file structure-v8.cif (mmCIF, C-alpha atoms)
data_model
loop_
_atom_site.label_atom_id
_atom_site.label_comp_id
_atom_site.auth_asym_id
_atom_site.auth_seq_id
_atom_site.Cartn_x
_atom_site.Cartn_y
_atom_site.Cartn_z
CA MET L 90 9.00 19.20 -22.17
CA MET L 91 7.77 15.64 -22.64
CA ASN L 92 4.09 15.02 -23.21
CA PRO L 93 2.74 12.42 -20.69
CA MET L 94 0.64 10.85 -23.46
CA VAL L 95 3.80 9.65 -25.21
CA LEU L 96 4.14 6.58 -22.97
CA THR L 97 0.50 5.59 -23.40
CA ASN L 98 0.85 5.50 -27.19
CA VAL L 99 3.47 2.71 -27.16
CA PRO L 100 2.05 -0.44 -28.81
CA PRO L 101 2.27 -3.82 -27.01
CA VAL L 102 5.16 -4.88 -29.26
CA GLY L 103 7.03 -1.80 -28.09
CA TRP L 104 6.51 -2.72 -24.44
CA LEU L 105 7.75 -6.23 -25.18
CA LEU L 106 10.86 -4.81 -26.82
CA ILE L 107 11.46 -2.50 -23.84
CA ALA L 108 11.07 -5.46 -21.45
CA ILE L 109 13.59 -7.53 -23.42
CA VAL L 110 16.13 -4.69 -23.44
CA VAL L 111 15.75 -4.19 -19.67
CA LEU L 112 16.14 -7.94 -19.11
CA VAL L 113 19.32 -8.04 -21.21
CA LEU L 114 20.80 -4.97 -19.49
CA PHE L 115 20.10 -5.93 -15.88
CA GLY L 116 19.84 -9.72 -16.01
CA ARG L 117 17.19 -12.01 -14.60
CA GLY L 118 18.74 -12.22 -11.13
CA LYS L 119 18.92 -8.47 -10.61
CA ILE L 120 15.33 -7.95 -11.77
CA SER L 121 13.97 -10.79 -9.61
CA SER L 122 15.77 -9.45 -6.52
CA LEU L 123 14.41 -5.98 -7.27
CA MET L 124 10.87 -7.34 -7.57
CA GLY L 125 11.37 -9.22 -4.29
CA GLU L 126 12.31 -5.97 -2.59
CA VAL L 127 9.26 -4.24 -4.09
CA GLY L 128 7.07 -7.06 -2.75
CA LYS L 129 8.60 -6.73 0.72
CA GLY L 130 7.99 -2.99 0.63
CA ILE L 131 4.34 -3.45 -0.32
CA THR L 132 3.87 -6.05 2.43
CA SER L 133 5.49 -3.74 4.99
CA PHE L 134 3.30 -0.83 3.87
CA LYS L 135 0.12 -2.92 4.19
CA LYS L 136 1.21 -4.09 7.66
CA GLY L 137 1.84 -0.49 8.75
CA VAL L 138 -1.56 0.63 7.46
CA ARG L 139 -3.28 -2.27 9.25
CA GLU L 140 -1.47 -1.54 12.53
CA GLY L 141 -2.25 2.16 12.23
CA SER L 142 -5.96 1.54 11.69
CA GLU L 143 -6.05 -0.93 14.60
CA GLU L 144 -4.42 1.69 16.83
CA LEU L 145 -6.94 4.33 15.73
CA GLU L 146 -9.83 1.94 16.42
CA LYS L 147 -8.40 1.17 19.85
CA ASP L 148 -8.07 4.87 20.66
CA ALA L 149 -11.61 5.53 19.42
CA SER L 150 -13.03 2.70 21.54
CA GLU L 151 -11.28 4.07 24.63
CA LEU L 152 -12.78 7.50 23.97
CA ALA L 153 -16.25 6.01 23.45
CA LYS L 154 -16.48 4.45 26.92
CA ASP L 155 -19.78 4.74 28.74
CA VAL L 156 -19.63 7.81 30.96
CA THR L 157 -23.22 7.67 32.18
CA PRO L 158 -23.41 8.12 35.95
CA GLU L 159 -24.32 4.95 37.84
CA SER L 160 -27.50 6.56 39.19
CA ASP L 161 -28.78 7.21 35.64
CA LYS L 162 -27.98 3.79 34.19
CA ASP L 163 -31.03 2.06 35.71
CA LYS L 164 -33.45 4.67 34.33
CA VAL L 165 -33.17 3.34 30.77
#
call {"tool": "encode", "arguments": {"input": "structure-v8.cif", "output": "structure tokens"}}
result
Amino acid sequence: MMNPMVLTNVPPVGWLLIAIVVLVLFGRGKISSLMGEVGKGITSFKKGVREGSEELEKDASELAKDVTPESDKDKV
């Protein structure tokens, strides 16, 4: 079984070497298109979270409507 600390012990030169190997294997075009897709996914996720929170706020505001009887409203 692999120890998770193995990847954190790689020096910066090692990460640079890994990046160069990945770039050579996949090519600049493939990596840039992949990063573009990752960016679109993140944007879509943020949009979904925003829409979900707006929907929850809307539902909460509908539930929090004033239900005080008209006869009791002028007593305040």
call {"tool": "atom_distance", "arguments": {"input": "structure-v8.cif", "atom1": "atom CA of L:Lys119", "atom2": "atom CA of L:Gly137"}}
result
27.0 Å
call {"tool": "atom_distance", "arguments": {"input": "structure-v8.cif", "atom1": "atom CA of L:Gly130", "atom2": "atom CA of L:Gly118"}}
result
18.4 Å
call {"tool": "axis_aligned_box", "arguments": {"input": "structure-v8.cif", "around": "stretch 108-123 of chain L", "padding_each_side": "5 Å", "output": "lines of an AutoDock Vina configuration file"}}
result
center_x = 15.9
center_y = -8.2
center_z = -15.0
size_x = 19.7
size_y = 18.0
size_z = 26.9
call {"tool": "atom_distance", "arguments": {"input": "structure-v8.cif", "atom1": "atom CA of L:Lys135", "atom2": "atom CA of L:Ala153"}}
result
26.8 Å
call {"tool": "build_atoms", "arguments": {"input": "structure-v8.cif", "residues": "stretch 96-124 of chain L", "atoms": "N, CA and C atoms", "output": "PDB file, in the coordinates of the input"}}
result
ATOM      1  N   LEU L  96       3.984   7.940 -23.467  1.00  0.00           N
ATOM      2  CA  LEU L  96       4.140   6.580 -22.970  1.00  0.00           C
ATOM      3  C   LEU L  96       2.885   5.745 -23.134  1.00  0.00           C
ATOM      4  N   THR L  97       1.728   6.358 -23.224  1.00  0.00           N
ATOM      5  CA  THR L  97       0.500   5.590 -23.400  1.00  0.00           C
ATOM      6  C   THR L  97       0.277   5.202 -24.846  1.00  0.00           C
ATOM      7  N   ASN L  98       1.009   5.804 -25.774  1.00  0.00           N
ATOM      8  CA  ASN L  98       0.850   5.500 -27.190  1.00  0.00           C
ATOM      9  C   ASN L  98       1.796   4.405 -27.671  1.00  0.00           C
ATOM     10  N   VAL L  99       2.537   3.773 -26.770  1.00  0.00           N
ATOM     11  CA  VAL L  99       3.470   2.710 -27.160  1.00  0.00           C
ATOM     12  C   VAL L  99       2.653   1.433 -27.380  1.00  0.00           C
ATOM     13  N   PRO L 100       2.795   0.805 -28.545  1.00  0.00           N
ATOM     14  CA  PRO L 100       2.050  -0.440 -28.810  1.00  0.00           C
ATOM     15  C   PRO L 100       2.590  -1.594 -27.968  1.00  0.00           C
ATOM     16  N   PRO L 101       1.814  -2.671 -27.821  1.00  0.00           N
ATOM     17  CA  PRO L 101       2.270  -3.820 -27.010  1.00  0.00           C
ATOM     18  C   PRO L 101       3.612  -4.393 -27.472  1.00  0.00           C
ATOM     19  N   VAL L 102       3.868  -4.385 -28.762  1.00  0.00           N
ATOM     20  CA  VAL L 102       5.160  -4.880 -29.260  1.00  0.00           C
ATOM     21  C   VAL L 102       6.291  -3.999 -28.740  1.00  0.00           C
ATOM     22  N   GLY L 103       6.030  -2.719 -28.629  1.00  0.00           N
ATOM     23  CA  GLY L 103       7.030  -1.800 -28.090  1.00  0.00           C
ATOM     24  C   GLY L 103       7.341  -2.091 -26.635  1.00  0.00           C
ATOM     25  N   TRP L 104       6.295  -2.376 -25.850  1.00  0.00           N
ATOM     26  CA  TRP L 104       6.510  -2.720 -24.440  1.00  0.00           C
ATOM     27  C   TRP L 104       7.298  -4.015 -24.310  1.00  0.00           C
ATOM     28  N   LEU L 105       7.005  -4.968 -25.193  1.00  0.00           N
ATOM     29  CA  LEU L 105       7.750  -6.230 -25.180  1.00  0.00           C
ATOM     30  C   LEU L 105       9.223  -5.982 -25.497  1.00  0.00           C
ATOM     31  N   LEU L 106       9.485  -5.141 -26.468  1.00  0.00           N
ATOM     32  CA  LEU L 106      10.860  -4.810 -26.820  1.00  0.00           C
ATOM     33  C   LEU L 106      11.572  -4.100 -25.663  1.00  0.00           C
ATOM     34  N   ILE L 107      10.885  -3.193 -25.008  1.00  0.00           N
ATOM     35  CA  ILE L 107      11.460  -2.500 -23.840  1.00  0.00           C
ATOM     36  C   ILE L 107      11.773  -3.507 -22.732  1.00  0.00           C
ATOM     37  N   ALA L 108      10.859  -4.441 -22.488  1.00  0.00           N
ATOM     38  CA  ALA L 108      11.070  -5.460 -21.450  1.00  0.00           C
ATOM     39  C   ALA L 108      12.287  -6.325 -21.778  1.00  0.00           C
ATOM     40  N   ILE L 109      12.443  -6.696 -23.022  1.00  0.00           N
ATOM     41  CA  ILE L 109      13.590  -7.530 -23.420  1.00  0.00           C
ATOM     42  C   ILE L 109      14.900  -6.766 -23.235  1.00  0.00           C
ATOM     43  N   VAL L 110      14.919  -5.502 -23.608  1.00  0.00           N
ATOM     44  CA  VAL L 110      16.130  -4.690 -23.440  1.00  0.00           C
ATOM     45  C   VAL L 110      16.492  -4.555 -21.960  1.00  0.00           C
ATOM     46  N   VAL L 111      15.497  -4.305 -21.116  1.00  0.00           N
ATOM     47  CA  VAL L 111      15.750  -4.190 -19.670  1.00  0.00           C
ATOM     48  C   VAL L 111      16.274  -5.514 -19.126  1.00  0.00           C
ATOM     49  N   LEU L 112      15.693  -6.624 -19.570  1.00  0.00           N
ATOM     50  CA  LEU L 112      16.140  -7.940 -19.110  1.00  0.00           C
ATOM     51  C   LEU L 112      17.578  -8.208 -19.518  1.00  0.00           C
ATOM     52  N   VAL L 113      17.944  -7.841 -20.731  1.00  0.00           N
ATOM     53  CA  VAL L 113      19.320  -8.040 -21.210  1.00  0.00           C
ATOM     54  C   VAL L 113      20.289  -7.143 -20.432  1.00  0.00           C
ATOM     55  N   LEU L 114      19.905  -5.904 -20.178  1.00  0.00           N
ATOM     56  CA  LEU L 114      20.800  -4.970 -19.490  1.00  0.00           C
ATOM     57  C   LEU L 114      21.033  -5.349 -18.030  1.00  0.00           C
ATOM     58  N   PHE L 115      19.977  -5.703 -17.324  1.00  0.00           N
ATOM     59  CA  PHE L 115      20.100  -5.930 -15.880  1.00  0.00           C
ATOM     60  C   PHE L 115      20.216  -7.401 -15.509  1.00  0.00           C
ATOM     61  N   GLY L 116      19.768  -8.294 -16.327  1.00  0.00           N
ATOM     62  CA  GLY L 116      19.840  -9.720 -16.010  1.00  0.00           C
ATOM     63  C   GLY L 116      18.660 -10.164 -15.167  1.00  0.00           C
ATOM     64  N   ARG L 117      18.354 -11.453 -15.298  1.00  0.00           N
ATOM     65  CA  ARG L 117      17.190 -12.010 -14.600  1.00  0.00           C
ATOM     66  C   ARG L 117      17.342 -11.948 -13.081  1.00  0.00           C
ATOM     67  N   GLY L 118      18.522 -12.205 -12.579  1.00  0.00           N
ATOM     68  CA  GLY L 118      18.740 -12.220 -11.130  1.00  0.00           C
ATOM     69  C   GLY L 118      18.537 -10.862 -10.493  1.00  0.00           C
ATOM     70  N   LYS L 119      19.051  -9.829 -11.135  1.00  0.00           N
ATOM     71  CA  LYS L 119      18.920  -8.470 -10.610  1.00  0.00           C
ATOM     72  C   LYS L 119      17.464  -8.033 -10.607  1.00  0.00           C
ATOM     73  N   ILE L 120      16.740  -8.344 -11.679  1.00  0.00           N
ATOM     74  CA  ILE L 120      15.330  -7.950 -11.770  1.00  0.00           C
ATOM     75  C   ILE L 120      14.491  -8.716 -10.747  1.00  0.00           C
ATOM     76  N   SER L 121      14.757 -10.017 -10.574  1.00  0.00           N
ATOM     77  CA  SER L 121      13.970 -10.790  -9.610  1.00  0.00           C
ATOM     78  C   SER L 121      14.237 -10.324  -8.177  1.00  0.00           C
ATOM     79  N   SER L 122      15.487  -9.957  -7.869  1.00  0.00           N
ATOM     80  CA  SER L 122      15.770  -9.450  -6.520  1.00  0.00           C
ATOM     81  C   SER L 122      15.105  -8.093  -6.308  1.00  0.00           C
ATOM     82  N   LEU L 123      15.075  -7.278  -7.357  1.00  0.00           N
ATOM     83  CA  LEU L 123      14.410  -5.980  -7.270  1.00  0.00           C
ATOM     84  C   LEU L 123      12.912  -6.154  -7.036  1.00  0.00           C
ATOM     85  N   MET L 124      12.296  -7.079  -7.749  1.00  0.00           N
ATOM     86  CA  MET L 124      10.870  -7.340  -7.570  1.00  0.00           C
ATOM     87  C   MET L 124      10.590  -7.899  -6.173  1.00  0.00           C
TER      88      MET L 124
END
